[in-house]
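Novice: You'll find protein-v5.cif just under this line, and it carries mmCIF, C-alpha atoms and all ligand atoms.
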```cif
data_model
loop_
_atom_site.label_atom_id
_atom_site.label_comp_id
_atom_site.auth_asym_id
_atom_site.auth_seq_id
_atom_site.Cartn_x
_atom_site.Cartn_y
_atom_site.Cartn_z
CA MET A 68 176.34 21.57 120.00
CA ALA A 69 177.55 22.08 116.50
CA SER A 70 177.51 25.66 115.40
CA LYS A 71 179.19 28.16 113.17
CA PHE A 72 180.27 30.11 116.18
CA PRO A 73 181.02 28.93 119.72
CA GLN A 74 177.96 29.20 121.96
CA ASN A 75 178.15 30.58 125.46
CA GLY A 76 174.86 29.22 126.77
CA THR A 77 173.53 25.72 126.27
CA SER A 78 170.21 25.13 124.58
CA SER A 79 167.20 24.33 126.70
CA LYS A 80 165.99 20.79 126.11
CA LYS A 81 162.40 21.80 126.85
CA GLY A 82 159.97 22.34 124.00
CA VAL A 83 162.42 21.32 121.35
CA ASN A 84 161.21 20.24 117.95
CA PRO A 85 161.49 16.42 118.06
CA HIS A 86 163.49 16.48 114.84
CA LEU A 87 166.16 18.38 116.71
CA LYS A 88 166.47 16.23 119.81
CA PRO A 89 169.48 14.32 118.47
CA LEU A 90 171.32 17.65 118.60
CA PHE A 91 172.24 16.92 122.16
CA PHE A 92 174.00 13.66 121.45
CA LEU A 93 176.94 14.40 119.29
CA SER A 94 178.28 10.86 119.39
CA ILE A 95 174.97 9.60 118.04
CA HIS A 96 175.23 12.18 115.27
CA ARG A 97 178.58 10.94 114.23
CA TYR A 98 177.12 7.47 114.02
CA MET A 99 174.01 8.66 112.21
CA ALA A 100 175.99 10.72 109.77
CA GLN A 101 177.41 7.52 108.39
CA THR A 102 174.23 5.47 108.45
CA THR A 103 171.31 7.82 107.74
CA PRO A 104 169.44 5.54 105.32
CA ASN A 105 168.26 8.10 102.80
CA HIS A 106 171.77 9.43 102.25
CA THR A 107 172.23 7.61 98.99
CA GLN A 108 173.67 10.26 96.70
CA THR A 109 177.42 10.20 96.18
CA VAL A 110 178.99 13.63 95.87
CA SER A 111 182.55 14.75 95.17
CA GLY A 112 183.84 17.59 97.23
CA TRP A 113 186.81 18.90 99.13
CA ALA A 114 187.35 18.60 102.87
CA ALA A 115 189.78 19.32 105.68
CA HIS A 116 190.40 16.26 107.85
CA ASP A 117 192.29 17.84 110.75
CA SER A 118 193.40 21.20 112.09
CA SER A 119 196.35 21.36 109.70
CA GLY A 120 193.59 22.81 107.54
CA LYS A 121 194.77 21.09 104.38
CA ILE A 122 191.94 20.53 101.92
CA THR A 123 191.87 17.32 99.90
CA PRO A 124 189.30 15.70 97.57
CA TYR A 125 186.59 13.94 99.54
CA VAL A 126 183.70 11.78 98.38
CA PHE A 127 180.67 11.66 100.66
CA LYS A 128 176.91 11.06 100.74
CA ARG A 129 174.03 13.51 100.64
CA ARG A 130 170.36 12.84 101.32
CA GLU A 131 167.88 12.10 98.56
CA ASN A 132 165.85 15.07 97.43
CA GLY A 133 162.93 15.21 99.92
CA PRO A 134 159.51 16.81 99.35
CA ASN A 135 160.69 20.24 100.59
CA ASP A 136 164.14 20.04 99.04
CA VAL A 137 165.81 21.34 95.95
CA THR A 138 168.91 19.74 94.48
CA ILE A 139 171.46 22.25 93.25
CA GLU A 140 174.34 21.76 90.86
CA ILE A 141 176.93 24.02 92.45
CA LEU A 142 178.71 26.37 90.08
CA TYR A 143 180.63 28.66 92.43
CA CYS A 144 181.47 28.89 96.12
CA GLY A 145 183.14 31.82 97.86
CA ILE A 146 185.93 31.30 100.39
CA CYS A 147 184.86 33.10 103.57
CA HIS A 148 187.24 33.69 106.47
CA THR A 149 184.80 31.58 108.50
CA ASP A 150 185.86 28.63 106.31
CA LEU A 151 189.44 29.29 107.38
CA HIS A 152 188.42 29.49 111.06
CA HIS A 153 186.71 26.10 110.64
CA VAL A 154 189.37 24.21 108.70
CA ARG A 155 191.98 25.30 111.26
CA ASN A 156 189.60 24.72 114.16
CA ASP A 157 190.22 28.28 115.49
CA TRP A 158 186.98 28.15 117.48
CA GLY A 159 187.41 24.57 118.77
CA ILE A 160 184.08 23.42 117.28
CA THR A 161 185.04 21.76 114.01
CA MET A 162 183.72 18.26 113.33
CA TYR A 163 186.15 16.70 110.87
CA PRO A 164 186.01 15.96 108.05
CA VAL A 165 184.62 19.39 107.28
CA VAL A 166 183.46 20.35 103.78
CA PRO A 167 183.39 24.15 104.08
CA GLY A 168 181.54 26.65 101.93
CA HIS A 169 178.46 28.80 102.55
CA GLU A 170 178.62 31.25 99.68
CA ILE A 171 177.04 28.98 97.10
CA THR A 172 175.52 29.69 93.70
CA GLY A 173 174.18 27.10 91.33
CA VAL A 174 171.32 25.82 89.22
CA VAL A 175 168.34 23.81 90.44
CA THR A 176 168.33 20.30 88.96
CA LYS A 177 165.49 18.74 90.97
CA VAL A 178 162.58 19.94 93.11
CA GLY A 179 160.53 18.08 95.75
CA THR A 180 156.76 17.66 95.53
CA ASN A 181 156.08 20.49 98.03
CA VAL A 182 158.43 22.97 96.39
CA THR A 183 156.56 25.90 94.91
CA ARG A 184 159.17 28.64 94.88
CA PHE A 185 161.71 27.04 92.54
CA LYS A 186 161.81 25.01 89.37
CA THR A 187 164.46 23.11 87.47
CA GLY A 188 166.92 25.48 85.80
CA ASP A 189 166.49 28.34 88.32
CA ARG A 190 169.60 30.28 89.35
CA VAL A 191 169.80 30.08 93.12
CA GLY A 192 172.01 30.75 96.10
CA VAL A 193 172.55 29.14 99.50
CA GLY A 194 174.22 30.90 102.40
CA CYS A 195 174.95 30.00 106.01
CA LEU A 196 171.64 28.45 107.09
CA ALA A 197 170.56 24.83 106.59
CA ALA A 198 167.89 24.29 109.26
CA SER A 199 166.17 25.93 112.22
CA CYS A 200 163.35 24.90 114.57
CA LEU A 201 160.60 26.61 112.48
CA GLU A 202 158.59 27.16 115.68
CA CYS A 203 160.25 29.84 117.80
CA GLU A 204 159.59 33.57 117.70
CA PHE A 205 162.68 34.13 115.56
CA CYS A 206 161.79 31.49 112.98
CA LYS A 207 158.25 32.86 112.84
CA SER A 208 159.45 36.42 112.25
CA SER A 209 161.98 35.52 109.57
CA GLN A 210 164.95 35.91 111.87
CA GLU A 211 165.87 32.22 111.61
CA ASN A 212 169.48 33.25 112.02
CA TYR A 213 168.78 33.87 115.72
CA CYS A 214 166.90 30.58 116.30
CA ASP A 215 168.40 28.80 119.27
CA GLN A 216 168.45 25.58 117.24
CA ILE A 217 170.02 27.06 114.13
CA GLN A 218 172.08 24.66 112.05
CA PHE A 219 174.55 25.75 109.43
CA THR A 220 175.31 24.72 105.87
CA TYR A 221 178.44 22.97 107.06
CA ASN A 222 179.60 21.71 110.43
CA GLY A 223 175.95 21.69 111.47
CA ILE A 224 173.49 18.89 112.19
CA PHE A 225 170.47 18.56 109.96
CA TRP A 226 166.98 17.48 111.07
CA ASP A 227 167.75 13.87 110.11
CA GLY A 228 170.81 13.85 112.36
CA SER A 229 173.37 13.99 109.58
CA ILE A 230 176.32 16.36 109.67
CA THR A 231 176.02 19.06 107.05
CA TYR A 232 178.59 19.46 104.30
CA GLY A 233 179.00 22.76 102.49
CA GLY A 234 179.61 24.20 99.08
CA TYR A 235 183.16 23.01 98.38
CA SER A 236 181.39 20.24 96.47
CA ARG A 237 179.60 19.64 93.20
CA MET A 238 176.04 19.21 94.42
CA LEU A 239 173.87 20.26 97.36
CA VAL A 240 170.45 19.23 98.62
CA ALA A 241 168.83 22.11 100.50
CA ASP A 242 165.45 22.71 102.08
CA GLN A 243 163.73 25.34 99.92
CA ARG A 244 163.23 27.59 102.96
CA TYR A 245 166.97 28.28 103.01
CA VAL A 246 167.42 28.96 99.30
CA VAL A 247 167.21 32.33 97.52
CA ARG A 248 166.87 33.43 93.91
CA VAL A 249 169.81 35.07 92.17
CA PRO A 250 168.81 38.09 90.04
CA GLU A 251 169.22 37.41 86.32
CA ASN A 252 171.54 40.36 85.71
CA LEU A 253 174.20 39.25 88.21
CA PRO A 254 177.11 36.93 87.34
CA MET A 255 177.03 33.71 89.35
CA ASP A 256 180.70 33.90 90.37
CA ALA A 257 180.88 37.50 91.61
CA VAL A 258 177.53 37.29 93.39
CA ALA A 259 178.36 34.09 95.32
CA PRO A 260 180.04 35.85 98.29
CA MET A 261 176.89 37.90 98.82
CA LEU A 262 175.32 34.78 100.34
CA CYS A 263 177.47 35.29 103.44
CA ALA A 264 179.65 38.41 103.19
CA GLY A 265 176.80 40.39 101.63
CA ILE A 266 174.01 39.52 104.04
CA THR A 267 176.35 39.70 107.06
CA VAL A 268 177.00 43.40 106.45
CA TYR A 269 173.61 44.27 104.93
CA SER A 270 171.65 43.00 107.94
CA PRO A 271 173.30 45.18 110.63
CA MET A 272 173.36 48.16 108.28
CA LYS A 273 169.62 47.83 107.90
CA ASP A 274 169.04 47.03 111.56
CA THR A 275 170.83 50.17 112.75
CA LYS A 276 168.96 52.26 110.13
CA MET A 277 172.16 53.13 108.29
CA LEU A 278 170.48 52.34 104.98
CA GLU A 279 167.92 55.07 105.60
CA SER A 280 170.48 57.65 106.75
CA PRO A 281 172.17 59.08 103.66
CA GLY A 282 174.97 61.45 104.53
CA LYS A 283 175.71 59.77 107.87
CA LYS A 284 179.22 58.61 108.50
CA LEU A 285 180.06 54.91 108.53
CA GLY A 286 183.44 53.49 109.49
CA ILE A 287 184.39 50.00 108.30
CA ILE A 288 187.21 48.27 110.18
CA GLY A 289 188.97 45.76 107.93
CA LEU A 290 188.84 45.97 104.15
CA GLY A 291 188.47 42.28 103.37
CA GLY A 292 185.65 40.14 101.99
CA LEU A 293 182.98 41.57 104.31
CA GLY A 294 184.44 45.07 104.43
CA HIS A 295 184.60 45.69 100.69
CA VAL A 296 180.96 44.62 100.25
CA ALA A 297 179.96 46.95 103.07
CA VAL A 298 181.55 49.86 101.16
CA LYS A 299 179.45 49.00 98.11
CA PHE A 300 176.16 48.89 100.03
CA ALA A 301 177.06 52.05 101.94
CA LYS A 302 177.80 54.01 98.76
CA ALA A 303 174.61 52.71 97.08
CA PHE A 304 172.64 54.13 100.04
CA GLY A 305 174.46 57.47 100.15
CA LEU A 306 176.57 57.04 103.28
CA HIS A 307 179.94 58.69 103.84
CA VAL A 308 182.46 55.85 104.17
CA THR A 309 185.70 55.77 106.15
CA ILE A 310 187.87 52.66 105.92
CA ILE A 311 189.91 51.89 109.04
CA SER A 312 192.62 49.51 107.91
CA THR A 313 195.95 47.99 108.88
CA SER A 314 196.97 48.01 105.18
CA PRO A 315 198.11 51.37 103.77
CA SER A 316 198.44 49.63 100.39
CA LYS A 317 194.65 49.38 100.17
CA GLU A 318 194.01 53.13 100.33
CA LYS A 319 194.25 53.97 96.64
CA GLU A 320 191.88 51.26 95.41
CA ALA A 321 189.53 51.76 98.37
CA LYS A 322 189.01 55.34 97.27
CA GLU A 323 189.36 55.06 93.51
CA ARG A 324 187.69 51.74 92.78
CA LEU A 325 185.38 51.10 95.71
CA GLY A 326 184.42 54.74 96.24
CA ALA A 327 185.40 55.13 99.92
CA ASP A 328 185.53 58.77 101.02
CA HIS A 329 188.23 58.54 103.65
CA PHE A 330 190.93 56.11 104.77
CA ILE A 331 192.49 55.81 108.22
CA VAL A 332 195.50 53.59 108.84
CA SER A 333 194.72 52.20 112.27
CA THR A 334 198.39 51.79 113.20
CA ASN A 335 198.99 55.51 112.62
CA PRO A 336 198.25 57.32 115.91
CA LYS A 337 198.03 60.74 114.21
CA GLN A 338 195.38 59.57 111.78
CA MET A 339 193.45 57.83 114.55
CA GLN A 340 193.62 60.98 116.70
CA ALA A 341 192.37 63.12 113.81
CA GLY A 342 189.42 60.74 113.32
CA LYS A 343 188.16 60.97 116.92
CA ARG A 344 184.40 61.49 117.31
CA SER A 345 183.88 61.59 113.55
CA LEU A 346 181.69 58.51 112.86
CA ASP A 347 178.01 57.69 113.46
CA PHE A 348 178.46 53.93 112.99
CA ILE A 349 181.31 51.45 112.83
CA LEU A 350 181.18 47.97 111.37
CA ASP A 351 183.98 45.80 112.76
CA THR A 352 184.82 43.00 110.28
CA VAL A 353 188.22 42.05 111.69
CA SER A 354 189.00 38.34 111.77
CA ALA A 355 192.02 38.58 114.12
CA ASN A 356 192.22 39.32 117.84
CA HIS A 357 192.15 43.05 118.55
CA SER A 358 191.25 45.60 121.20
CA LEU A 359 188.20 47.81 120.65
CA GLY A 360 189.25 50.84 122.69
CA HIS A 361 190.97 53.06 120.14
CA TYR A 362 188.38 52.22 117.48
CA LEU A 363 185.54 53.25 119.81
CA GLU A 364 187.11 56.70 120.16
CA LEU A 365 186.32 57.23 116.47
CA LEU A 366 182.57 57.13 117.20
CA LYS A 367 180.59 60.27 117.90
CA VAL A 368 178.67 60.52 121.19
CA ASN A 369 175.81 57.99 120.97
CA GLY A 370 177.50 56.17 118.09
CA THR A 371 177.09 52.44 117.49
CA MET A 372 179.68 49.80 116.72
CA VAL A 373 178.47 46.50 115.28
CA ILE A 374 180.83 43.54 115.57
CA VAL A 375 180.59 40.95 112.81
CA GLY A 376 184.20 39.72 112.76
CA ALA A 377 184.71 36.65 114.93
CA PRO A 378 188.26 36.33 116.30
CA GLU A 379 188.80 33.30 118.48
CA LYS A 380 189.76 35.26 121.63
CA PRO A 381 187.54 37.71 123.57
CA MET A 382 188.05 41.31 122.55
CA GLU A 383 189.27 43.91 125.04
CA LEU A 384 186.43 46.38 125.68
CA PRO A 385 187.63 49.25 127.88
CA SER A 386 184.88 51.08 129.76
CA PHE A 387 186.08 54.66 129.38
CA PRO A 388 185.43 55.13 125.64
CA LEU A 389 181.99 53.58 126.20
CA ILE A 390 181.10 55.75 129.18
CA PHE A 391 182.50 59.03 127.92
CA GLY A 392 180.76 58.72 124.57
CA LYS A 393 177.54 56.95 125.61
CA ARG A 394 178.45 54.49 122.88
CA THR A 395 176.89 51.13 122.03
CA VAL A 396 178.62 47.92 120.98
CA LYS A 397 176.52 45.11 119.57
CA GLY A 398 176.89 42.02 117.41
CA SER A 399 175.16 40.59 114.37
CA MET A 400 175.15 37.18 112.74
CA THR A 401 174.38 36.72 109.03
CA GLY A 402 170.70 37.45 108.27
CA GLY A 403 167.26 35.89 107.97
CA MET A 404 166.05 34.31 104.73
CA ASN A 405 163.62 37.08 103.71
CA GLU A 406 166.33 39.62 104.37
CA THR A 407 168.80 37.57 102.34
CA GLN A 408 166.43 37.60 99.36
CA GLU A 409 165.90 41.33 99.85
CA MET A 410 169.68 41.85 99.89
CA MET A 411 170.07 39.83 96.68
CA ASP A 412 167.38 41.93 95.01
CA VAL A 413 169.12 45.12 96.18
CA CYS A 414 172.32 43.78 94.58
CA GLY A 415 170.38 43.16 91.38
CA LYS A 416 168.87 46.64 91.41
CA HIS A 417 172.14 48.46 92.14
CA ASN A 418 174.33 46.00 90.24
CA ILE A 419 176.37 45.23 93.35
CA THR A 420 178.72 42.25 93.18
CA CYS A 421 182.02 41.32 94.82
CA ASP A 422 185.54 41.92 93.59
CA ILE A 423 186.71 38.35 93.18
CA GLU A 424 189.62 36.16 92.21
CA VAL A 425 188.38 32.90 90.74
CA VAL A 426 190.33 29.75 91.65
CA LYS A 427 190.06 26.10 90.61
CA PRO A 428 189.46 23.46 93.30
CA ASP A 429 193.12 22.39 93.25
CA GLN A 430 194.04 25.95 94.29
CA ILE A 431 191.89 26.00 97.45
CA ASN A 432 194.85 25.43 99.79
CA GLU A 433 196.83 28.22 98.18
CA ALA A 434 193.79 30.51 98.39
CA LEU A 435 193.26 29.71 102.10
CA GLU A 436 196.91 30.42 102.78
CA ARG A 437 196.70 33.76 100.98
CA LEU A 438 193.48 34.61 102.83
CA ALA A 439 195.26 33.91 106.13
CA ASN A 440 197.99 36.32 105.01
CA ASN A 441 195.50 39.06 104.08
CA ASP A 442 196.51 38.69 100.44
CA VAL A 443 193.24 38.79 98.50
CA ARG A 444 191.34 41.55 96.70
CA TYR A 445 188.76 40.87 98.03
CA ARG A 446 187.25 37.38 97.83
CA PHE A 447 188.35 34.05 96.41
CA VAL A 448 185.59 32.17 94.62
CA ILE A 449 185.98 28.51 93.64
CA ASP A 450 184.91 27.61 90.13
CA ILE A 451 183.47 24.24 91.14
CA ALA A 452 182.66 23.17 87.60
CA GLY A 453 186.12 24.16 86.42
CA GLN A 454 187.59 21.20 88.18
CA SER A 455 191.14 20.22 87.41
CA PRO A 456 191.48 16.78 85.83
CA ASN A 457 193.69 15.44 88.64
CA LEU A 458 191.01 15.92 91.33
P1 LIG A 501 188.89 38.74 105.46
O1 LIG A 501 188.53 38.80 104.02
O2 LIG A 501 190.12 38.01 105.84
O3 LIG A 501 188.92 40.23 106.02
C1 LIG A 501 189.28 40.53 107.33
C2 LIG A 501 190.03 41.84 107.34
O4 LIG A 501 190.41 42.13 108.69
C3 LIG A 501 191.35 41.84 106.58
O5 LIG A 501 191.20 42.08 105.22
C4 LIG A 501 192.10 42.97 107.26
O6 LIG A 501 191.73 44.23 106.67
C5 LIG A 501 191.56 42.97 108.68
N1 LIG A 501 192.54 42.41 109.61
C6 LIG A 501 193.20 41.23 109.52
N2 LIG A 501 194.01 41.06 110.57
C7 LIG A 501 193.88 42.17 111.35
C8 LIG A 501 194.41 42.59 112.60
N3 LIG A 501 195.29 41.83 113.25
N4 LIG A 501 194.00 43.78 113.11
C9 LIG A 501 193.10 44.54 112.48
N5 LIG A 501 192.57 44.19 111.28
C10 LIG A 501 192.93 43.02 110.74
O7 LIG A 501 187.71 38.03 106.29
P2 LIG A 501 186.12 38.07 106.03
O8 LIG A 501 185.75 36.89 105.22
O9 LIG A 501 185.74 39.43 105.64
O10 LIG A 501 185.61 37.75 107.51
C11 LIG A 501 185.93 38.61 108.59
C12 LIG A 501 185.46 38.03 109.91
O11 LIG A 501 184.04 38.00 109.93
C13 LIG A 501 185.91 36.60 110.17
O12 LIG A 501 186.26 36.47 111.54
C14 LIG A 501 184.68 35.77 109.86
O13 LIG A 501 184.63 34.54 110.55
C15 LIG A 501 183.61 36.71 110.36
N6 LIG A 501 182.28 36.49 109.78
C16 LIG A 501 181.23 36.70 110.60
C17 LIG A 501 179.96 36.54 110.11
C18 LIG A 501 178.79 36.84 110.97
O14 LIG A 501 177.69 36.33 110.70
N7 LIG A 501 178.94 37.66 112.00
C19 LIG A 501 179.75 36.13 108.78
C20 LIG A 501 180.86 35.97 107.98
C21 LIG A 501 182.13 36.14 108.48
P3 LIG A 501 192.82 45.42 106.54
O15 LIG A 501 193.91 44.88 105.67
O16 LIG A 501 192.01 46.49 105.90
O17 LIG A 501 193.26 45.77 107.92
ZN ZN A 502 180.93 33.34 105.72
#
```
Would you mind giving the structure from this file in structure tokens?
Specialist:
Amino acid sequence: MASKFPQNGTSSKKGVNPHLKPLFFLSIHRYMAQTTPNHTQTVSGWAAHDSSGKITPYVFKRRENGPNDVTIEILYCGICHTDLHHVRNDWGITMYPVVPGHEITGVVTKVGTNVTRFKTGDRVGVGCLAASCLECEFCKSSQENYCDQIQFTYNGIFWDGSITYGGYSRMLVADQRYVVRVPENLPMDAVAPMLCAGITVYSPMKDTKMLESPGKKLGIIGLGGLGHVAVKFAKAFGLHVTIISTSPSKEKEAKERLGADHFIVSTNPKQMQAGKRSLDFILDTVSANHSLGHYLELLKVNGTMVIVGAPEKPMELPSFPLIFGKRTVKGSMTGGMNETQEMMDVCGKHNITCDIEVVKPDQINEALERLANNDVRYRFVIDIAGQSPNL
């Protein structure tokens, strides 16, 4: 099954929405992806064709705008570490060619006959989700992100059997259910990463009641794309923020520009020792393989660690720090659509955007390489319209 993240269990074939039945026949999908009859629109984009991860210009087809669809002229697309995991096939699930990108902002250019929420000219965003079953308890309670049949904006399989292609492209057709409005006061480039990085940290912060606990102490492991947004939400909601980082060079700006209260260098045993039992929550945003043990020691008794980072290998989870501190470790994956709109509106209200470095499409490879080397402050965003003449 195609998915953003590797799945442990397999989906039950019982009671599946008939639109989704082709999910179980990947070879058929590959065939259908090329022949789906209503895929008549030619789109230019950028794709990786193998696990070398090199991105090159790629022309492909998208579906016509259906009754529930909106067509979006893409203006900006963030470069999430998940894109890097996919182009390099870190998780072993990539269906090449892959057109990455799930931090998309743009303008609506067409709406289907059933579309009531959007009109031509609206400023909109699309994140990780492209389709879900619409029938299960999670879809019905606006937690589509936990639908067993969830399909993603790229490397997913849409209801019509076609493989989804993401935002490293000039135009997208999206079902209106998976589109959100972008507040008027927010710039379209710096808000783009909120569609994944933003909702991915906002959702667990809300779920664990951090956002209603001013004064409580939050630790954020990894000051990257997700981590720096988490600092911004945490400060807007009055939390005390400790960054736990492998990069001493990030301390000054973490405190002075992002407003973090405290900074622990995780490779410094003295600092880690001094931080023991000091935090109520920890958000783990680390993209690389790591052991959880010494981070767990930073939690108070009864503290909660939420894992959002998705390294390819299982993480070491020693029992002693769990047992001795009655601590909880849980995961979280992006957010539901209502919550994503709520998060965007919170960004509008508090003027929260990302710290970005804008790149042209012919700089995507360089940007991915720098992201792999932890050399970005704190998110690359592709200026899709600012295309170089040679591409
Ligand atoms: P990112 O910008 O590359 O940030 C990751 C940060 O992890 C780095 O900035 C670095 O921070 C830290 N780090 C890197 N290597 C490390 C190591 N070996 N040990 C400890 N820390 C290390 O990536 P991102 O875009 O924020 O994404 C982070 C992860 O979240 C990725 O695995 C991505 O796939 C996943 N993700 C999950 C979801 C979800 O729904 N759960 C959604 C989006 C992304 P320091 O320099 O401060 O140490
Ligand atoms: Zn992402």
Novice: Enumerate residues in contact with ligand LIG 501 (chain A): an atom-to-atom distance of at most 6 Å, counting only C-alpha atoms and all ligand atoms. Format the result as number ranges by chain.
Specialist: A: 147-149, 263-264, 267, 289-294, 312-314, 352-355, 357, 375-378, 399-401, 438, 441
Novice: Restricting the calculation to only C-alpha atoms and all ligand atoms, which member of A:Ser386, A:Asn181, A:Thr395, A:Thr220 is positioned closest to ligand ZN 502 (chain A)?
Specialist: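 Selected residue with least distance to ligand ZN 502 (chain A): A:Thr220.
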Novice: Smallest atom-to-atom distance to ligand ZN 502 (chain A): which of A:Lys397, A:Leu350, A:Ser358, A:Phe447, using all atoms listed in the file?
Specialist: A:Phe447
Novice: Excluding Asn135 (chain A) and its own-chain neighbours fewer than 5 positions away, which residues fall within 7 Å of it when counting only C-alpha atoms? Please give them as JSON, numbers by chain.
Specialist: {"A": [179, 180, 181, 182, 242, 243]}
Novice: Excluding Ile139 (chain A) and residues on its chain fewer than 6 positions from it, collect all residues at most 10 Å away from it, counting only C-alpha atoms, and give them as a list in words.
Specialist: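 The residues that qualify are Ile171, Thr172, Gly173, Val174, Val175, Thr176, Lys177, Val178, Thr187, Gly188, Asp189, Arg190, Val191, Gly192, Val193, Arg237, Met238, Leu239, Val240, Ala241 and Val246 of chain A.
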Novice: Figure out the distance between CA of Arg155 (chain A) and CA of Pro124 (chain A), please, to one decimal in Å.
Specialist: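 Calculated distance between CA of Pro124 (chain A) and CA of Arg155 (chain A) is 16.9 Å.
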Novice: Report, in Å to a single decimal, how far apart CA of Phe219 (chain A) and CA of Trp113 (chain A) are.
Specialist: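 So the answer is 17.4 Å.
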Novice: Looking at only C-alpha atoms, which of A:Val426, A:Ile224, A:Ala303, A:Val332 is the one that sits closest to Ser316 (chain A)?
Specialist: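 Closest to Ser316 (chain A) of all the choices is A:Val332.
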Novice: For each of A:Lys121, A:Lys343, A:Arg244, A:His153, take the minimum atom-to-atom distance to Cys200 (chain A), counting only C-alpha atoms, then give the residue where this is smallest.
Specialist: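 Using only C-alpha atoms, the shortest distance to Cys200 (chain A) belongs to A:Arg244.
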Novice: Rebuild region 227-239 of chain A so that it carries N, CA, C and O atoms, then output the result as a short mmCIF file (atom, residue, chain, number, x, y, z; two decimals), in the frame of the given file.
Specialist:
```cif
data_model
loop_
_atom_site.label_atom_id
_atom_site.label_comp_id
_atom_site.auth_asym_id
_atom_site.auth_seq_id
_atom_site.Cartn_x
_atom_site.Cartn_y
_atom_site.Cartn_z
N ASP A 227 167.67 15.34 110.11
CA ASP A 227 167.75 13.87 110.11
C ASP A 227 168.95 13.35 110.89
O ASP A 227 169.21 12.16 110.93
N GLY A 228 169.68 14.26 111.54
CA GLY A 228 170.81 13.85 112.36
C GLY A 228 172.13 13.81 111.63
O GLY A 228 173.18 13.58 112.24
N SER A 229 172.11 14.05 110.34
CA SER A 229 173.37 13.99 109.58
C SER A 229 174.16 15.29 109.73
O SER A 229 173.58 16.36 109.91
N ILE A 230 175.46 15.17 109.64
CA ILE A 230 176.32 16.36 109.67
C ILE A 230 176.27 17.03 108.31
O ILE A 230 176.29 16.36 107.27
N THR A 231 176.15 18.34 108.32
CA THR A 231 176.02 19.06 107.05
C THR A 231 177.39 19.29 106.41
O THR A 231 178.38 19.52 107.11
N TYR A 232 177.38 19.20 105.09
CA TYR A 232 178.59 19.46 104.30
C TYR A 232 178.29 20.60 103.33
O TYR A 232 177.22 20.64 102.72
N GLY A 233 179.26 21.51 103.19
CA GLY A 233 179.00 22.76 102.49
C GLY A 233 179.31 22.76 101.00
O GLY A 233 179.32 21.72 100.34
N GLY A 234 179.59 23.94 100.52
CA GLY A 234 179.61 24.20 99.08
C GLY A 234 180.92 23.91 98.37
O GLY A 234 181.00 24.12 97.16
N TYR A 235 181.96 23.45 99.08
CA TYR A 235 183.16 23.01 98.38
C TYR A 235 182.84 21.61 97.84
O TYR A 235 183.45 20.60 98.23
N SER A 236 181.87 21.54 96.98
CA SER A 236 181.39 20.24 96.47
C SER A 236 180.56 20.51 95.22
O SER A 236 180.18 21.64 94.94
N ARG A 237 180.24 19.45 94.50
CA ARG A 237 179.60 19.64 93.20
C ARG A 237 178.09 19.73 93.28
O ARG A 237 177.45 20.22 92.35
N MET A 238 177.51 19.25 94.36
CA MET A 238 176.04 19.21 94.42
C MET A 238 175.57 19.38 95.86
O MET A 238 176.26 18.96 96.79
N LEU A 239 174.42 20.03 96.02
CA LEU A 239 173.87 20.26 97.36
C LEU A 239 172.39 19.96 97.34
O LEU A 239 171.70 20.28 96.36
#
```
